[in-house]
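Peer 1: This structure is in C-alpha cells; I'll ask about it shortly.
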Amino acid sequence: MMVSPMERGLDRVVALVDMDCFYVQVEQRLNPALRGQPCAVVQYKGYQGGGIIAVSYEARACGVTRNMRGDEARKLCPTIKLARVPEAHGKADLTRYREASVQVIDVMSQYAIVERASIDEAYVELTAQVQEKIRQMEGHVPIPSQLLRTFVEGWPRDDECEKEKPLNDCEDAKEACRLHGVTTWLQLTASDGAVGNADLNLSIGATIIEEMRAAIEAETGFRCSAGIAHNKMLAKLACGLNKPNRQTILPHSSVPGLFSGLPLGKIRNLGGKLGTSVSEKLGVEFIGDVVHYSKQHLEGHFGEKISGWLYDVCRGLEFEPIRPRNLPKSIGCSKNFNGPEALDTREKVRYWLKELATELEERLVKDKETNQRVAKQLTVGVHMDTKGQNGTLSRCSAMTRYDANKIAADALALLNACNTAGRGQATWSPAVTCLQLSACKFSEVAVGGTNDIAGYLSANAKPLLPALPKMGSSFGTPPKSVKDRGSRTIGIAELFQRATAKNQQCSQATNMSFDEGGDNSTKEGNCKGEHTSFFRKEALSAIHDDDDDDSNSQRPDTMEDFVISTSISPTVDDDSAETTPDLAVRSSNRCLEVDSNLDLQQDSGIIDTLSKMKKEGGNFISPEDMENCNECGKTVSMWELPEHSDFHFAQSLQKTFSASCEKPGLMRGTSMPASQRAKRRAAPPAKRKKASANHTLDSFFKKSS
DNA sequence: CATTGAAGTGGC
DNA sequence: GCCACTTCA
Ligand SMILES: Nc1ncnc2c1ncn2[C@H]1C[C@H](O)[C@@H](COP(=O)(O)OP(=O)(O)OP(=O)(O)O)O1
Ligand SMILES: [Mn+2]
Ligand SMILES: [Mn+2]
C-alpha cells in the first residue's frame with residue numbers, strides 16, 4: 001500500500017548551503033595575492049609548517065589535504081601559499097572566521113529561515129517560500145536559465161550525453177551534460193501535471209537558492225555550494241556532489257541509484273563508530289543495501305530509534321526539522337598542551353586558564369552587545385596525561401559576571417579537585433594536556449537602548465500567524481538595501497523570523513502575557529527536536545557488544561579517584577565565607593558555585609578583582625549591568641532578570657489559570673519545563689541569590705548534612 | 001604531535 | 001540537571 005507524499009516528507013523543500021574552502025576564502029578576501037592560487041590555511045607555523053585546516057581547490061588538485069603539515073603540502077605543491085590563523089592570548093584565534101560566518105548567515109536569513117549548522121554551513125527551510133512562489137507563477141515552471149549553476153543528480157539518466165561532439169575541453173563537456181540533465185528533467189517535471197509535484201517543488205527551491213547564493217557572493221565575496229532536497233540528510237549529501245560553486249538538486253527518484261553505490265559513512269551520523277558497526281553487523285557496504293532489511297531485523301542489532309531512523313534513511317527519508325537558529329548556543333575556547341608542553345604545575349594551569357578566560361570574556365562581551373543575551377553557565381574541561389585511563393572531565397558553575405579574573409578563578413577552583421598532588425602543592429599531576437572554557441545557557445536581556453527595546457517589543461507583539469505563514473512577501477525579494485545592515489543591528493527580516501519561529505513553537509498561545517511573562521531563555525533554537533543524535537548509545541554499545549546487544553558493561557569512573565577530596569568552597573548568600581571541609585564534588589546533579597578566593601592568593605591580577613569584590617560585599621555588580629524590571633520597577637542585575645521575570649510570570653500564571661488551565665503542552669517553546677516553572681515560582685525575586693539551575697552549594701549542604 | 005570549536009544524546 | 005561520549009566542522 002502506498003503512503004502519501006506528505007507522510008514521507010516529500011512535501012518539504014530544504015537546502016544546505018556550505019561555503020567552499022571557507023577559511024581559505026576568508027584569507028583570500030583579505031589578501032588579494034592569494035586569490036586564484038593554490039592556497040591553504042595553517043595553524044601554528046612552528047611545528048613542521050603548521051597543521052592545515054583548509055585547502056583551496058587549486059591546492060587540492062595537487063593532493064594537498066586537511067590534516068597535512070605545511071611542510072608536506074609544499075612538497076606536493078611547491079607554489080602553495082600558506083595563510084596563518086591569527087593568534088592571540090598565546091593560542092589560535094578564530095574570530096576572523098566567526099565574523100565572516102555571521103556575514104554569510106545574515107545574508108541567508110534575508111531569504112528564508114535558516115539553521116546555523118556549523119561555522120560555514122546552514123540549513124534553509126524553503127517549503128513556505130516554494131508554495132508562495134508556485135501561487136505567483138500560476139502554472140509556470142522554472143526554465144534552465146534560472147538554474148545556471150544547478151545540477152540534477154541522476155540526470156541525464158544515461159551519462160553518454162553529447163558523445164557525438166568531440167569536446168576537448170572537459171569543463172565544456174561537463175557543462176553541456178549538466179545543461180542537458182537540467183533541461184530534460186525540467187521538461188519531465190512540467191509534463192507531470194500533478195499539483196504538489198515534489199520535483200516541481202525542488203526546482204523552485206533551487207531557483208531561490210540560486211538567488212541566495214548570488215546574493216551571498218555579491219555581499220560577502222564568498223562562493224558556496226548547496227544541496228536542495230526533501231530533507232536535511234539528502235540536502236547535505238547533495239551539497240557535496242558538485243563542489244565548488246555549484247548547487248545540486250537530489251530528486252527522490254534518484255535516491256536508489258545514488259545510494260546503491262554510496263558508502264555508509266557518507267551519510268551524516270554514520271561517519272563514525274555507528275556506521276562501522278552497521279557495516280559489520282549487517283555485512284553491508286553501501287547505504288542502499290540497508291533497504292533489504294526489515295525493521296524487525298534492524299531492531300535485532302540496534303535500538304528502536306536507530307533502527308527506525310536507519311530504515312527510513314536508506315530509503316531517502318528523514319524527518320529532522322530545521323530549527324530556526326542563527327547564533328551558536330555556546331561560546332568556548334580550548335588549547336592543547338601536548339607531550340612536553342603538558343601543564344605540570346599549578347602556576348601553568350593558572351596562567352593558561354587566565355589566557356583562555358580573557359579570550360572568553362572578550363567574546364562574551366561582544367556577544368552580549370550584539371545579541372542581547374548573557375551566558376548563565378560556565379563549564380571548564382580538562383584532559384590529563386593519564387595513560388590507559390580516561391583523564392578527561394568537565395565541571396560547571398554559575399556564570400554571574402563577564403570577568404576574566406573571576407572566570408579563571410572559578411575554573412581553577414573547580415579543577416583543584418582533580419590535582420592528585422593536592423591543593424597546596426605547586427605541582428599538578430597528572431599533567432594537563434588540554435584546557436577548555438565554555439559559556440552556555442544563554443538568556444535574553446532587554447538592552448537599554450531605546451531603539452532596540454522598541455524594535456524588540458514590536459517584534460514580539462506581532463499578531464500571531466498560521467503555523468506556516470506566507471513568507472513569500474517577506475523573504476522572497478529581499479530589499480536591495482540589504483547592504484547597510486551588514487553588521488549587526490537586528491534587521492527587519494530577522495525580527496520577523498524570530499517572531500515566526502516563536503509562533504510556530506507555541507501554536508496558539510494566546511494566553512501568554514504581553515512580554516511573554518519572563519522566560520528569557522534565548523528564543524534562538526529552544527525548540528527540541530524529536531530525535532536527533534541518539535547515536536551515542538548505539539555507537540557505544542557497538543564497541544562493548546561483540547555479537548549480541550545490551551551488555552551493560554560498567555565503565556569504571558576513572559576520574560573519581562582524583563575527585564574525592566579537595567576543597568571547593570561554597571559561596572554563601574550571607575557572605576559569611578567560612579572555610580569548608582573537603583568534600584566530594586559529584587554527588588548531586590547541581591553545578592557548583594565556587595568561592596575561588598582561597599585559590600588565588602598569589603596572583604596579583606586576580607587579587608585585585610577579589611579585593612574589589614570584597615569591598616563590594618563579595619557581590620559586586622557593575623552599574624551597567626543593572627536593569628529595571630518593567631513589572632515591579634525594581635532594579636535587578638541583568639544576570640538575574642530571567643529568574644526575576646519568572647517570578648512575575650508565575651504570579652500571572654496563578655491569576656490567569658487558577659481555575660482552569662490550558663494543556664501543559666501549551667507552554668512548550670518557552671525554554672523551561674512546566675515542572676520547573678512551578679518550582680521556581682515561590683522564590684523571592686530580587687534578593688534571591690541564584691535559584692536557578694546553576695546552584696550554590698547551600699542546597700548541596702542542606703542535602704548532605 | 002593536527003587543533004580548536006560546536007551540537008547533540010542517554011545514564012544517572 | 002550534570003557529565004561522558006559521539007559526531008561533525
Ligand atoms: N577538523 C577541523 N579542525 C579545525 N577546523 C576545521 C576542521 N574541519 C573544518 N574546519 C574549518 C576550516 C574549514 O574551512 C571550515 C569549513 O569546513 P568544511 O566545510 O568541512 O570544509 P571547507 O569549507 O574548508 O571545504 P569545502 O569546500 O569542502 O566545504 O571549518
Ligand atoms: Mn565548507
Ligand atoms: Mn562545512
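Going through the C-alpha cells in order, the chains are called A, B, and so on, while each chain numbers its residues from 1 and the ligands are numbered from 1 in the order shown.
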Neighbours of ligand 2 within 7 Å, counting only C-alpha atoms (C1' of nucleotides) and all ligand atoms, as a ChimeraX atom specification?

Peer 2: /A:18-22,120-121

Peer 1: So which residues are near ligand 1, meaning at most 9 Å away with only C-alpha atoms (C1' of nucleotides) and all ligand atoms counted, given back as a ChimeraX atom specification?

Peer 2: /A:18-26,41,43,52-57,66-67,97,118-121,224-225,240,243-245 /B:2-5 /C:8-9

Peer 1: Could you pull out all residues of region 27-192 of chain A with a DSSP call of alpha helix (DSSP H) and give them as a VMD selection string?

Peer 2: chain A and resid 27 to 30 57 to 60 70 to 76 95 to 108 127 to 137 170 to 191

Peer 1: Write out as a PyMOL selection string each polymer residue whose atoms come within 12 Å of His252 (chain A), counting only C-alpha atoms (C1' of nucleotides); drop sequence neighbours fewer than 4 positions from it.

Peer 2: chain A and resi 5+8-13+152-154+197-202+228-231+234-235+238+256-259+313-318

Peer 1: Starting from chain C, keep only residues with some atom at most 6 Å from an atom of chain A, counting only C-alpha atoms (C1' of nucleotides), and report them as an MDAnalysis selection string.

Peer 2: chainID C and resid 1:2 6

Peer 1: Nearest residue to chain B out of A:Thr65, A:Gln129, A:Asn371, A:Asn419, using only C-alpha atoms (C1' of nucleotides)?

Peer 2: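 Among the listed residues, A:Thr65 lies closest to chain B.
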
Peer 1: Leaving out Ala226 (chain A) and any residue of its chain fewer than 2 positions from it, which residues lie within 7 Å of it when counting only C-alpha atoms (C1' of nucleotides), given as a ChimeraX atom specification?

Peer 2: /A:15-18,224,228,239,246-248

Peer 1: Keeping only N, CA, C and O atoms, write the selected residues as a tab-separated table (two decimals), in the first residue's frame.

Peer 2:
```tsv
chain	number	residue	atom	x	y	z
A	15	ALA	N	17.28	23.12	2.00
A	15	ALA	CA	18.59	23.22	1.36
A	15	ALA	C	19.68	23.26	2.42
A	15	ALA	O	19.43	23.60	3.58
A	16	LEU	N	20.86	22.86	2.02
A	16	LEU	CA	22.04	23.02	2.86
A	16	LEU	C	23.06	23.81	2.05
A	16	LEU	O	23.44	23.41	0.95
A	17	VAL	N	23.43	24.96	2.58
A	17	VAL	CA	24.43	25.81	1.92
A	17	VAL	C	25.74	25.69	2.68
A	17	VAL	O	25.78	25.86	3.90
A	18	ASP	N	26.81	25.36	1.99
A	18	ASP	CA	28.12	25.18	2.62
A	18	ASP	C	29.17	25.96	1.84
A	18	ASP	O	29.29	25.83	0.61
A	224	CYS	N	29.93	29.55	-2.59
A	224	CYS	CA	29.47	28.39	-1.82
A	224	CYS	C	28.79	27.39	-2.74
A	224	CYS	O	28.55	27.66	-3.91
A	228	ILE	N	19.77	20.76	-2.60
A	228	ILE	CA	18.34	21.01	-2.46
A	228	ILE	C	17.63	19.66	-2.52
A	228	ILE	O	17.82	18.91	-3.49
A	239	CYS	N	24.81	18.57	-1.46
A	239	CYS	CA	25.70	19.73	-1.49
A	239	CYS	C	27.11	19.35	-1.90
A	239	CYS	O	27.80	20.10	-2.60
A	246	ARG	N	28.75	25.27	-7.07
A	246	ARG	CA	27.59	24.71	-7.77
A	246	ARG	C	26.57	24.22	-6.75
A	246	ARG	O	26.90	23.94	-5.60
A	247	GLN	N	25.33	24.08	-7.20
A	247	GLN	CA	24.30	23.50	-6.34
A	247	GLN	C	23.70	22.29	-7.01
A	247	GLN	O	23.74	22.15	-8.24
A	248	THR	N	23.15	21.40	-6.21
A	248	THR	CA	22.68	20.12	-6.72
A	248	THR	C	21.30	19.79	-6.17
A	248	THR	O	21.09	19.81	-4.96
```

Peer 1: I'd like the neighbourhood of Arg373 (chain A) as a list of chain:residue names, where a residue qualifies if any of its atoms comes within 9 Å (using only C-alpha atoms (C1' of nucleotides)), though same-chain residues fewer than 5 positions away should be ignored.

Peer 2: A:Asp367, A:Lys368, A:Phe442, A:Ser443, A:Glu444, A:Val445, A:Ala446, A:Val447, A:Asn520, A:Ser521, A:Thr522

Peer 1: Run DSSP on the backbone and give me the residues of region 152-246 of chain A it puts in strand (DSSP E), as a ChimeraX atom specification.

Peer 2: /A:152,224-229

Peer 1: Measuring atom to atom with only C-alpha atoms (C1' of nucleotides), identify which of A:Met68, A:Leu264, A:Val85, A:Met137 is nearest to chain B.

Peer 2: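 For chain B, the nearest of the given residues is A:Met68.
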